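upload.cif follows; it contains mmCIF, C-alpha atoms.
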data_final
loop_
_atom_site.group_PDB
_atom_site.id
_atom_site.type_symbol
_atom_site.label_atom_id
_atom_site.label_comp_id
_atom_site.auth_asym_id
_atom_site.auth_seq_id
_atom_site.Cartn_x
_atom_site.Cartn_y
_atom_site.Cartn_z
ATOM 1 C CA MET A 179 32.127 153.809 118.562
ATOM 2 C CA LYS A 180 31.213 150.944 116.210
ATOM 3 C CA ILE A 181 30.907 153.399 113.329
ATOM 4 C CA ARG A 182 34.382 154.789 114.055
ATOM 5 C CA LEU A 183 35.871 151.301 114.159
ATOM 6 C CA LYS A 184 34.136 150.487 110.910
ATOM 7 C CA TYR A 185 35.671 153.533 109.228
ATOM 8 C CA LEU A 186 39.072 152.725 110.751
ATOM 9 C CA PHE A 187 39.055 149.153 109.440
ATOM 10 C CA SER A 188 37.779 150.352 106.061
ATOM 11 C CA SER A 189 40.605 152.875 105.852
ATOM 12 C CA LEU A 190 43.210 150.297 106.854
ATOM 13 C CA PHE A 191 41.843 147.840 104.310
ATOM 14 C CA PHE A 192 41.921 150.485 101.564
ATOM 15 C CA ILE A 193 45.496 151.492 102.453
ATOM 16 C CA THR A 194 46.615 147.860 102.524
ATOM 17 C CA ILE A 195 45.062 147.121 99.139
ATOM 18 C CA THR A 196 46.623 150.288 97.704
ATOM 19 C CA PHE A 197 50.092 149.284 98.878
ATOM 20 C CA VAL A 198 49.642 145.739 97.558
ATOM 21 C CA ILE A 199 48.662 147.079 94.134
ATOM 22 C CA LEU A 200 51.524 149.596 94.093
ATOM 23 C CA GLY A 201 53.955 146.870 95.134
ATOM 24 C CA PHE A 202 52.708 144.565 92.393
ATOM 25 C CA LEU A 203 52.922 147.270 89.721
ATOM 26 C CA THR A 204 56.394 148.260 90.902
ATOM 27 C CA ALA A 205 57.577 144.654 90.703
ATOM 28 C CA ILE A 206 56.375 144.530 87.092
ATOM 29 C CA VAL A 207 57.813 147.797 85.742
ATOM 30 C CA VAL A 208 61.161 147.789 87.574
ATOM 31 C CA PRO A 209 63.850 146.437 85.192
ATOM 32 C CA LYS A 210 64.802 142.853 85.909
ATOM 33 C CA THR A 211 68.511 143.499 85.338
ATOM 34 C CA ASN A 212 70.738 146.490 86.039
ATOM 35 C CA LYS A 213 71.723 146.821 82.384
ATOM 36 C CA LYS A 214 71.045 149.909 80.291
ATOM 37 C CA GLU A 215 69.279 147.736 77.715
ATOM 38 C CA SER A 216 66.735 146.793 80.381
ATOM 39 C CA GLY A 217 65.972 150.426 81.071
ATOM 40 C CA PHE A 218 67.851 150.528 84.384
ATOM 41 C CA TYR A 219 68.402 154.078 85.632
ATOM 42 C CA HIS A 220 71.984 155.266 84.982
ATOM 43 C CA ALA A 221 73.241 151.700 84.691
ATOM 44 C CA SER A 222 76.940 152.449 84.132
ATOM 45 C CA ALA A 223 77.210 154.659 87.235
ATOM 46 C CA TYR A 224 75.345 152.294 89.543
ATOM 47 C CA ALA A 225 77.348 149.307 88.308
ATOM 48 C CA ILE A 226 80.117 150.416 90.652
ATOM 49 C CA CYS A 227 78.097 148.550 93.281
ATOM 50 C CA ASN A 228 79.166 145.313 91.564
ATOM 51 C CA GLU A 229 82.882 146.029 91.584
ATOM 52 C CA PRO A 230 84.764 143.807 94.061
ATOM 53 C CA GLU A 231 84.782 145.322 97.536
ATOM 54 C CA ASN A 232 87.544 147.873 98.208
ATOM 55 C CA SER A 233 89.034 147.374 94.737
ATOM 56 C CA ILE A 234 88.783 150.963 93.438
ATOM 57 C CA ASP A 235 91.696 153.344 94.080
ATOM 58 C CA MET A 236 90.288 156.429 92.409
ATOM 59 C CA LEU A 237 86.654 157.467 92.015
ATOM 60 C CA PHE A 238 85.591 159.904 89.292
ATOM 61 C CA LEU A 239 82.394 161.854 89.942
ATOM 62 C CA GLY A 240 80.521 164.354 87.799
ATOM 63 C CA THR A 241 78.541 164.926 84.645
ATOM 64 C CA SER A 242 78.839 163.287 81.233
ATOM 65 C CA GLN A 243 82.215 165.036 80.947
ATOM 66 C CA VAL A 244 83.571 162.220 83.136
ATOM 67 C CA TYR A 245 82.272 159.199 81.242
ATOM 68 C CA SER A 246 83.270 160.729 77.892
ATOM 69 C CA THR A 247 86.795 161.780 78.976
ATOM 70 C CA PHE A 248 88.380 159.304 81.392
ATOM 71 C CA ILE A 249 89.026 155.675 80.457
ATOM 72 C CA PRO A 250 89.627 153.711 83.690
ATOM 73 C CA LEU A 251 91.010 150.633 81.937
ATOM 74 C CA GLN A 252 93.549 152.794 80.116
ATOM 75 C CA ILE A 253 94.627 154.300 83.439
ATOM 76 C CA TRP A 254 95.108 150.774 84.776
ATOM 77 C CA ASN A 255 97.047 149.734 81.685
ATOM 78 C CA GLN A 256 99.266 152.802 81.921
ATOM 79 C CA ILE A 257 99.983 153.234 85.637
ATOM 80 C CA GLY A 258 98.332 150.303 87.451
ATOM 81 C CA ILE A 259 95.706 152.309 89.341
ATOM 82 C CA THR A 260 92.094 151.121 89.474
ATOM 83 C CA SER A 261 89.387 153.723 88.936
ATOM 84 C CA TYR A 262 85.711 154.084 88.100
ATOM 85 C CA ALA A 263 83.766 156.769 86.213
ATOM 86 C CA CYS A 264 80.702 157.151 88.439
ATOM 87 C CA SER A 265 79.015 159.813 86.331
ATOM 88 C CA THR A 266 75.642 160.709 84.858
ATOM 89 C CA PRO A 267 74.305 163.325 82.425
ATOM 90 C CA SER A 268 73.823 166.801 83.961
ATOM 91 C CA GLN A 269 74.766 165.528 87.397
ATOM 92 C CA GLY A 270 73.865 168.119 90.025
ATOM 93 C CA LEU A 271 75.967 167.991 93.186
ATOM 94 C CA TYR A 272 73.062 166.610 95.219
ATOM 95 C CA TYR A 273 73.222 163.544 92.995
ATOM 96 C CA THR A 274 77.023 163.527 93.173
ATOM 97 C CA GLU A 275 76.737 163.297 96.951
ATOM 98 C CA GLU A 276 74.266 160.419 96.669
ATOM 99 C CA LEU A 277 76.498 158.437 94.303
ATOM 100 C CA LEU A 278 79.537 159.091 96.500
ATOM 101 C CA ILE A 279 77.726 157.759 99.564
ATOM 102 C CA LYS A 280 76.534 154.708 97.617
ATOM 103 C CA ALA A 281 80.034 153.995 96.273
ATOM 104 C CA LEU A 282 81.613 154.327 99.724
ATOM 105 C CA LYS A 283 79.401 151.535 101.035
ATOM 106 C CA THR A 284 81.637 149.049 99.222
ATOM 107 C CA GLN A 285 84.699 151.051 98.177
ATOM 108 C CA SER A 286 87.467 152.918 100.001
ATOM 109 C CA PRO A 287 89.175 155.012 97.325
ATOM 110 C CA GLU A 288 92.299 156.971 98.170
ATOM 111 C CA LEU A 289 91.277 159.754 95.768
ATOM 112 C CA VAL A 290 87.995 161.280 94.630
ATOM 113 C CA VAL A 291 88.263 163.200 91.351
ATOM 114 C CA LEU A 292 85.422 165.691 91.008
ATOM 115 C CA GLU A 293 84.892 166.956 87.469
ATOM 116 C CA THR A 294 83.972 170.599 87.932
ATOM 117 C CA ASP A 295 81.231 170.932 85.314
ATOM 118 C CA ALA A 296 78.910 169.498 87.983
ATOM 119 C CA VAL A 297 79.554 172.546 90.172
ATOM 120 C CA PHE A 298 77.719 174.710 87.640
ATOM 121 C CA GLU A 299 74.718 172.417 87.173
ATOM 122 C CA ASN A 300 71.804 174.445 88.518
ATOM 123 C CA PHE A 301 69.051 172.632 90.376
ATOM 124 C CA SER A 302 66.164 173.475 92.652
ATOM 125 C CA MET A 303 65.121 171.886 95.920
ATOM 126 C CA ASN A 304 62.104 170.583 94.013
ATOM 127 C CA SER A 305 64.524 168.629 91.833
ATOM 128 C CA VAL A 306 66.200 167.202 94.927
ATOM 129 C CA LEU A 307 62.881 166.216 96.499
ATOM 130 C CA GLU A 308 61.627 164.691 93.250
ATOM 131 C CA HIS A 309 64.809 162.656 92.932
ATOM 132 C CA LYS A 310 64.456 161.362 96.491
ATOM 133 C CA LEU A 311 60.789 160.531 95.859
ATOM 134 C CA PHE A 312 61.665 158.587 92.721
ATOM 135 C CA ASN A 313 64.279 156.653 94.715
ATOM 136 C CA ALA A 314 61.719 155.857 97.404
ATOM 137 C CA VAL A 315 58.954 154.950 94.935
ATOM 138 C CA PRO A 316 60.550 153.231 91.904
ATOM 139 C CA LEU A 317 57.142 153.012 90.225
ATOM 140 C CA LEU A 318 57.363 156.745 89.553
ATOM 141 C CA ARG A 319 60.752 156.404 87.870
ATOM 142 C CA TYR A 320 59.896 153.392 85.752
ATOM 143 C CA HIS A 321 56.168 153.868 85.089
ATOM 144 C CA SER A 322 56.762 154.566 81.378
ATOM 145 C CA ARG A 323 58.233 151.072 80.920
ATOM 146 C CA TRP A 324 54.731 149.642 80.617
ATOM 147 C CA LYS A 325 55.001 150.384 76.886
ATOM 148 C CA SER A 326 57.918 147.969 76.483
ATOM 149 C CA LEU A 327 57.034 145.212 78.952
ATOM 150 C CA THR A 328 57.772 141.630 77.930
ATOM 151 C CA ALA A 329 56.894 138.251 79.388
ATOM 152 C CA ASP A 330 60.176 138.345 81.344
ATOM 153 C CA ASP A 331 58.898 141.326 83.330
ATOM 154 C CA PHE A 332 56.189 139.141 84.811
ATOM 155 C CA SER A 333 58.642 136.446 85.905
ATOM 156 C CA PHE A 334 59.880 138.553 88.839
ATOM 157 C CA ASN A 335 63.362 137.107 88.405
ATOM 158 C CA TYR A 336 65.935 139.808 89.097
ATOM 159 C CA ASP A 337 69.631 139.837 88.225
ATOM 160 C CA PHE A 338 71.482 142.963 89.306
ATOM 161 C CA SER A 339 74.982 141.496 88.942
ATOM 162 C CA PHE A 340 75.902 143.443 85.773
ATOM 163 C CA SER A 341 79.393 145.016 85.796
ATOM 164 C CA HIS A 342 80.195 147.714 83.262
ATOM 165 C CA GLU A 343 82.885 146.575 80.837
ATOM 166 C CA GLY A 344 84.349 150.085 80.558
ATOM 167 C CA LYS A 345 84.267 150.789 84.312
ATOM 168 C CA GLY A 346 81.843 153.640 83.635
ATOM 169 C CA PHE A 347 83.496 155.052 80.497
ATOM 170 C CA VAL A 348 81.102 155.371 77.557
ATOM 171 C CA CYS A 349 82.896 154.838 74.265
ATOM 172 C CA ASP A 350 81.816 156.999 71.304
ATOM 173 C CA PHE A 351 83.573 157.229 67.943
ATOM 174 C CA ARG A 352 81.456 159.945 66.343
ATOM 175 C CA CYS A 353 83.132 163.135 65.200
ATOM 176 C CA GLU A 354 81.856 166.683 64.817
ATOM 177 C CA PRO A 355 84.445 169.499 64.521
ATOM 178 C CA VAL A 356 84.535 172.423 66.933
ATOM 179 C CA ARG A 357 83.493 175.800 65.574
ATOM 180 C CA ASN A 358 85.286 177.920 68.188
ATOM 181 C CA GLU A 359 88.638 176.616 69.381
ATOM 182 C CA ASN A 360 89.617 179.914 71.014
ATOM 183 C CA TYR A 361 87.333 179.533 74.021
ATOM 184 C CA MET A 362 89.826 180.085 76.856
ATOM 185 C CA ILE A 363 90.198 183.843 76.488
ATOM 186 C CA LYS A 364 91.689 185.293 79.662
ATOM 187 C CA THR A 365 89.416 187.481 81.775
ATOM 188 C CA ASP A 366 88.973 188.528 85.400
ATOM 189 C CA ASP A 367 85.261 187.719 85.325
ATOM 190 C CA VAL A 368 84.082 184.872 87.547
ATOM 191 C CA LYS A 369 81.229 182.491 86.723
ATOM 192 C CA ALA A 370 78.554 182.483 89.427
ATOM 193 C CA ILE A 371 77.958 179.315 91.453
ATOM 194 C CA SER A 372 74.635 178.766 93.192
ATOM 195 C CA GLU A 373 74.390 178.604 96.972
ATOM 196 C CA LYS A 374 72.829 175.152 96.729
ATOM 197 C CA SER A 375 75.815 173.856 94.780
ATOM 198 C CA ILE A 376 78.189 175.303 97.369
ATOM 199 C CA GLU A 377 76.162 173.652 100.134
ATOM 200 C CA TYR A 378 76.371 170.220 98.513
ATOM 201 C CA LEU A 379 80.009 170.714 97.561
ATOM 202 C CA GLU A 380 80.832 171.322 101.219
ATOM 203 C CA ARG A 381 78.894 168.190 102.153
ATOM 204 C CA ILE A 382 80.917 166.168 99.626
ATOM 205 C CA ILE A 383 84.174 167.616 100.952
ATOM 206 C CA LYS A 384 83.162 166.738 104.511
ATOM 207 C CA ILE A 385 82.341 163.152 103.566
ATOM 208 C CA CYS A 386 85.775 162.779 101.981
ATOM 209 C CA ASN A 387 87.569 164.493 104.861
ATOM 210 C CA ASP A 388 85.796 162.272 107.390
ATOM 211 C CA ARG A 389 86.976 159.204 105.459
ATOM 212 C CA ASP A 390 90.490 160.609 104.949
ATOM 213 C CA ILE A 391 90.010 160.612 101.167
ATOM 214 C CA ASP A 392 91.943 163.110 99.035
ATOM 215 C CA ILE A 393 89.957 165.264 96.589
ATOM 216 C CA LEU A 394 91.094 166.590 93.233
ATOM 217 C CA PHE A 395 89.167 169.127 91.163
ATOM 218 C CA ILE A 396 89.528 168.409 87.445
ATOM 219 C CA SER A 397 88.072 170.253 84.452
ATOM 220 C CA ALA A 398 87.769 168.045 81.376
ATOM 221 C CA PRO A 399 88.435 169.511 77.919
ATOM 222 C CA SER A 400 85.240 171.107 76.632
ATOM 223 C CA ALA A 401 85.131 173.894 74.064
ATOM 224 C CA LEU A 402 81.382 174.397 74.540
ATOM 225 C CA ASN A 403 80.922 173.948 78.295
ATOM 226 C CA TRP A 404 83.973 175.805 79.514
ATOM 227 C CA ASP A 405 85.708 179.186 79.449
ATOM 228 C CA TYR A 406 87.980 181.320 81.592
ATOM 229 C CA THR A 407 85.169 182.531 83.866
ATOM 230 C CA HIS A 408 84.548 178.916 84.900
ATOM 231 C CA TYR A 409 88.270 178.463 85.481
ATOM 232 C CA ASN A 410 88.404 181.542 87.718
ATOM 233 C CA ALA A 411 85.442 180.318 89.764
ATOM 234 C CA ILE A 412 87.000 176.899 90.425
ATOM 235 C CA CYS A 413 90.357 178.516 91.257
ATOM 236 C CA GLU A 414 88.566 180.438 94.016
ATOM 237 C CA LEU A 415 86.999 177.220 95.355
ATOM 238 C CA SER A 416 90.345 175.455 95.155
ATOM 239 C CA GLU A 417 91.969 178.149 97.257
ATOM 240 C CA LYS A 418 89.067 178.399 99.709
ATOM 241 C CA TYR A 419 88.918 174.655 100.448
ATOM 242 C CA ASN A 420 92.624 173.931 99.892
ATOM 243 C CA ILE A 421 91.906 171.380 97.166
ATOM 244 C CA GLU A 422 94.238 170.760 94.247
ATOM 245 C CA TYR A 423 92.838 171.866 90.892
ATOM 246 C CA VAL A 424 93.820 170.985 87.340
ATOM 247 C CA ASP A 425 92.087 172.552 84.357
ATOM 248 C CA MET A 426 92.862 170.394 81.344
ATOM 249 C CA ASN A 427 91.558 173.155 79.077
ATOM 250 C CA MET A 428 94.774 175.020 79.874
ATOM 251 C CA TYR A 429 96.817 172.144 78.413
ATOM 252 C CA ILE A 430 95.024 171.369 75.147
ATOM 253 C CA ASP A 431 98.201 171.496 73.041
ATOM 254 C CA GLU A 432 100.182 169.467 75.555
ATOM 255 C CA ILE A 433 97.439 166.836 75.688
ATOM 256 C CA GLY A 434 97.301 166.826 71.891
ATOM 257 C CA ILE A 435 93.584 167.472 71.480
ATOM 258 C CA ASP A 436 92.607 168.181 67.876
ATOM 259 C CA TRP A 437 89.239 169.908 68.086
ATOM 260 C CA GLN A 438 88.559 169.086 64.449
ATOM 261 C CA LYS A 439 88.767 165.349 65.101
ATOM 262 C CA ASP A 440 88.442 164.618 68.815
ATOM 263 C CA SER A 441 84.880 165.646 69.736
ATOM 264 C CA ILE A 442 81.551 163.929 69.186
ATOM 265 C CA ASP A 443 79.443 167.103 69.313
ATOM 266 C CA ALA A 444 81.322 170.229 68.245
ATOM 267 C CA GLY A 445 83.359 170.482 71.414
ATOM 268 C CA LYS A 446 81.025 169.643 74.280
ATOM 269 C CA HIS A 447 82.356 166.095 74.781
ATOM 270 C CA LEU A 448 85.410 164.200 73.596
ATOM 271 C CA ASN A 449 85.120 161.119 71.408
ATOM 272 C CA PHE A 450 87.190 158.006 72.080
ATOM 273 C CA PHE A 451 90.294 159.358 70.395
ATOM 274 C CA GLY A 452 90.146 162.595 72.366
ATOM 275 C CA ALA A 453 89.463 160.650 75.563
ATOM 276 C CA TYR A 454 92.454 158.423 74.870
ATOM 277 C CA LYS A 455 94.727 161.465 74.691
ATOM 278 C CA ALA A 456 93.141 163.147 77.729
ATOM 279 C CA THR A 457 93.300 159.959 79.814
ATOM 280 C CA GLY A 458 96.931 159.358 78.894
ATOM 281 C CA TRP A 459 97.845 162.879 79.965
ATOM 282 C CA PHE A 460 95.845 162.603 83.178
ATOM 283 C CA ALA A 461 97.341 159.209 84.091
ATOM 284 C CA ASP A 462 100.814 160.648 83.626
ATOM 285 C CA TYR A 463 99.849 163.586 85.851
ATOM 286 C CA ILE A 464 98.563 161.266 88.592
ATOM 287 C CA SER A 465 101.687 159.096 88.441
ATOM 288 C CA LYS A 466 103.819 162.178 89.188
ATOM 289 C CA SER A 467 101.470 163.823 91.685
ATOM 290 C CA GLY A 468 102.543 162.122 94.871
ATOM 291 C CA TYR A 469 99.212 160.446 95.635
ATOM 292 C CA VAL A 470 99.719 157.094 97.341
ATOM 293 C CA PHE A 471 97.667 154.076 96.288
ATOM 294 C CA GLU A 472 97.618 150.562 97.698
ATOM 295 C CA VAL A 473 99.433 147.822 95.808
ATOM 296 C CA LYS A 474 96.836 145.476 94.307
ATOM 297 C CA ASP A 475 96.698 141.759 95.042
ATOM 298 C CA ASP A 476 97.254 139.157 92.337
ATOM 299 C CA GLU A 477 93.534 138.521 91.847
ATOM 300 C CA THR A 478 92.768 142.202 91.200
ATOM 301 C CA VAL A 479 95.716 142.499 88.824
ATOM 302 C CA SER A 480 94.534 139.440 86.902
ATOM 303 C CA ASN A 481 90.925 140.680 86.758
ATOM 304 C CA TRP A 482 91.849 144.122 85.472
ATOM 305 C CA ASP A 483 94.384 142.789 82.967
ATOM 306 C CA SER A 484 91.672 140.466 81.630
ATOM 307 C CA ALA A 485 89.227 143.379 81.479
ATOM 308 C CA VAL A 486 91.701 145.319 79.328
ATOM 309 C CA VAL A 487 92.024 142.397 76.914
ATOM 310 C CA ASP A 488 88.237 142.021 76.681
ATOM 311 C CA TYR A 489 87.708 145.745 76.203
ATOM 312 C CA ASN A 490 90.280 145.921 73.435
ATOM 313 C CA LYS A 491 88.292 143.259 71.572
ATOM 314 C CA THR A 492 85.321 145.639 71.483
ATOM 315 C CA LEU A 493 87.553 148.374 70.054
ATOM 316 C CA THR A 494 89.171 146.395 67.242
ATOM 317 C CA GLU A 495 86.432 147.135 64.729
ATOM 318 C CA HIS A 496 87.377 150.815 65.054
ATOM 319 C CA ASN A 497 91.115 150.093 64.788
ATOM 320 C CA ALA A 498 91.566 151.314 68.340
ATOM 321 C CA GLU A 499 92.860 149.973 71.626
ATOM 322 C CA ILE A 500 93.790 151.239 75.071
#
Show me, as structure tokens, the structure contained in the file I just sent.
Amino acid sequence: MKIRLKYLFSSLFFITITFVILGFLTAIVVPKTNKKESGFYHASAYAICNEPENSIDMLFLGTSQVYSTFIPLQIWNQIGITSYACSTPSQGLYYTEELLIKALKTQSPELVVLETDAVFENFSMNSVLEHKLFNAVPLLRYHSRWKSLTADDFSFNYDFSFSHEGKGFVCDFRCEPVRNENYMIKTDDVKAISEKSIEYLERIIKICNDRDIDILFISAPSALNWDYTHYNAICELSEKYNIEYVDMNMYIDEIGIDWQKDSIDAGKHLNFFGAYKATGWFADYISKSGYVFEVKDDETVSNWDSAVVDYNKTLTEHNAEI
């Protein structure tokens, strides 16, 4: 009996020491601010947590197509609707669901705009489990930061109050012309969608339905990521779930996209000038769509108007403004 108690106490002591060490290491390597420069994971998306409570009318979700296409401050300037681009590179729908749940803890948007490139992001359950593990054990996510640690990392002073100046939009002025502009060739073929993506899409739809939030499927202009088979697949989902769908790739001329000037990477993503055109078209579409948004109070109006002025200052060196 004494031997068993000895082993039990030894095991408990070892476990306790292990957790203390892991906790200490985690406290060191975790970024001390929620800024991208500090190494914070997907800083622009998570910064929605620092937007004033219940201030966002419209929530964009999806891959990098979102943060390179839709300029929330331009939408505000044009039609007076607040929005946020809560997007990340190669965002699988399991991650979309997670970000939606996180955003809804502090926000009550009237409309969720799901950019449909995310529907085709393939992922395995291993990816989902790994992502959850990294969330539960931040040391795993940030362990590589040991190479860039500074004295500030040992101060254990945290400041996670950062708000993204572009409301999630990532401004890029680079330009690389598209090689194939004729990418929307009509066909009856349908792009396959994985069962896992359908499962998480239905979970996202349920979350929105339970909160009485409208959903809009949107396909951002992309000459490399998109074609008619993708369009056909989303049309089927739109009909199945009775969700409105707009494919902006069907309106390239109307939007005014110039594929020789408006992309940063040969057609995969828009640059600022392409995003400005796409956002203007989209804002006009929303203003005529019949969606109802709450009138903002004076403080919100003042804050967003000031944000537009500040953001335009960052654009002046490129002779641009929103």
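Distances from A:Asp475, A:Asp425, A:Asp350, A:Glu229 to Tyr409 (chain A) were compared using only C-alpha atoms, and the smallest one belongs to A:Asp425.
Take the candidates A:Asn360, A:Ser375, A:Thr365, A:Thr457 and check each one against Gln269 (chain A) using all atoms listed in the file; the shortest distance goes to A:Ser375.
Among the candidate residues A:Thr294, A:Thr494, A:Ser246, A:Ser467, the one lying nearest to Cys413 (chain A) is A:Thr294, with distances computed using all atoms listed in the file.
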Which protein, DNA or RNA residues are at most 10 Å from (98.2, 144.5, 84.9) in the file's coordinates when you count all atoms listed in the file, listed as a list in words?
Leu251, Trp254, Asn255, Gln256, Ile257, Gly258, Ile259, Lys474, Asp476, Thr478, Val479, Ser480, Asn481, Trp482, Asp483, Ser484, Ala485 and Val486 of chain A
Computed interatomic separation between CA of Lys364 (chain A) and CA of Ser268 (chain A) (Å):
26.1 Å
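Using only C-alpha atoms for every distance, the candidate list A:Ala314, A:Cys386, A:Ala453, A:Leu402 yields A:Cys386 as the residue closest to Glu288 (chain A).
The gap separating CA of Phe334 (chain A) from CA of Val207 (chain A) is 10.0 Å, in Å to one decimal.
CA of Lys455 (chain A) lies 10.7 Å from CA of Pro399 (chain A).
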Spatial neighbours of Asp235 (chain A), 10 Å, only C-alpha atoms, chain gap at least 6 places, as a list in words:
Gly258, Ile259, Thr260, Ser261, Tyr262, Gln285, Ser286, Pro287, Glu288, Leu289, Val290, Val470, Phe471, Glu472, Val473 and Lys474 of chain A
Evaluate the PyMOL selection byres ((chain A and resi 208-216) around 10) here and jot the selected residues down as a VMD selection string.
chain A and resid 203 to 207 217 to 222 224 to 225 316 to 321 323 to 324 326 to 327 330 to 342
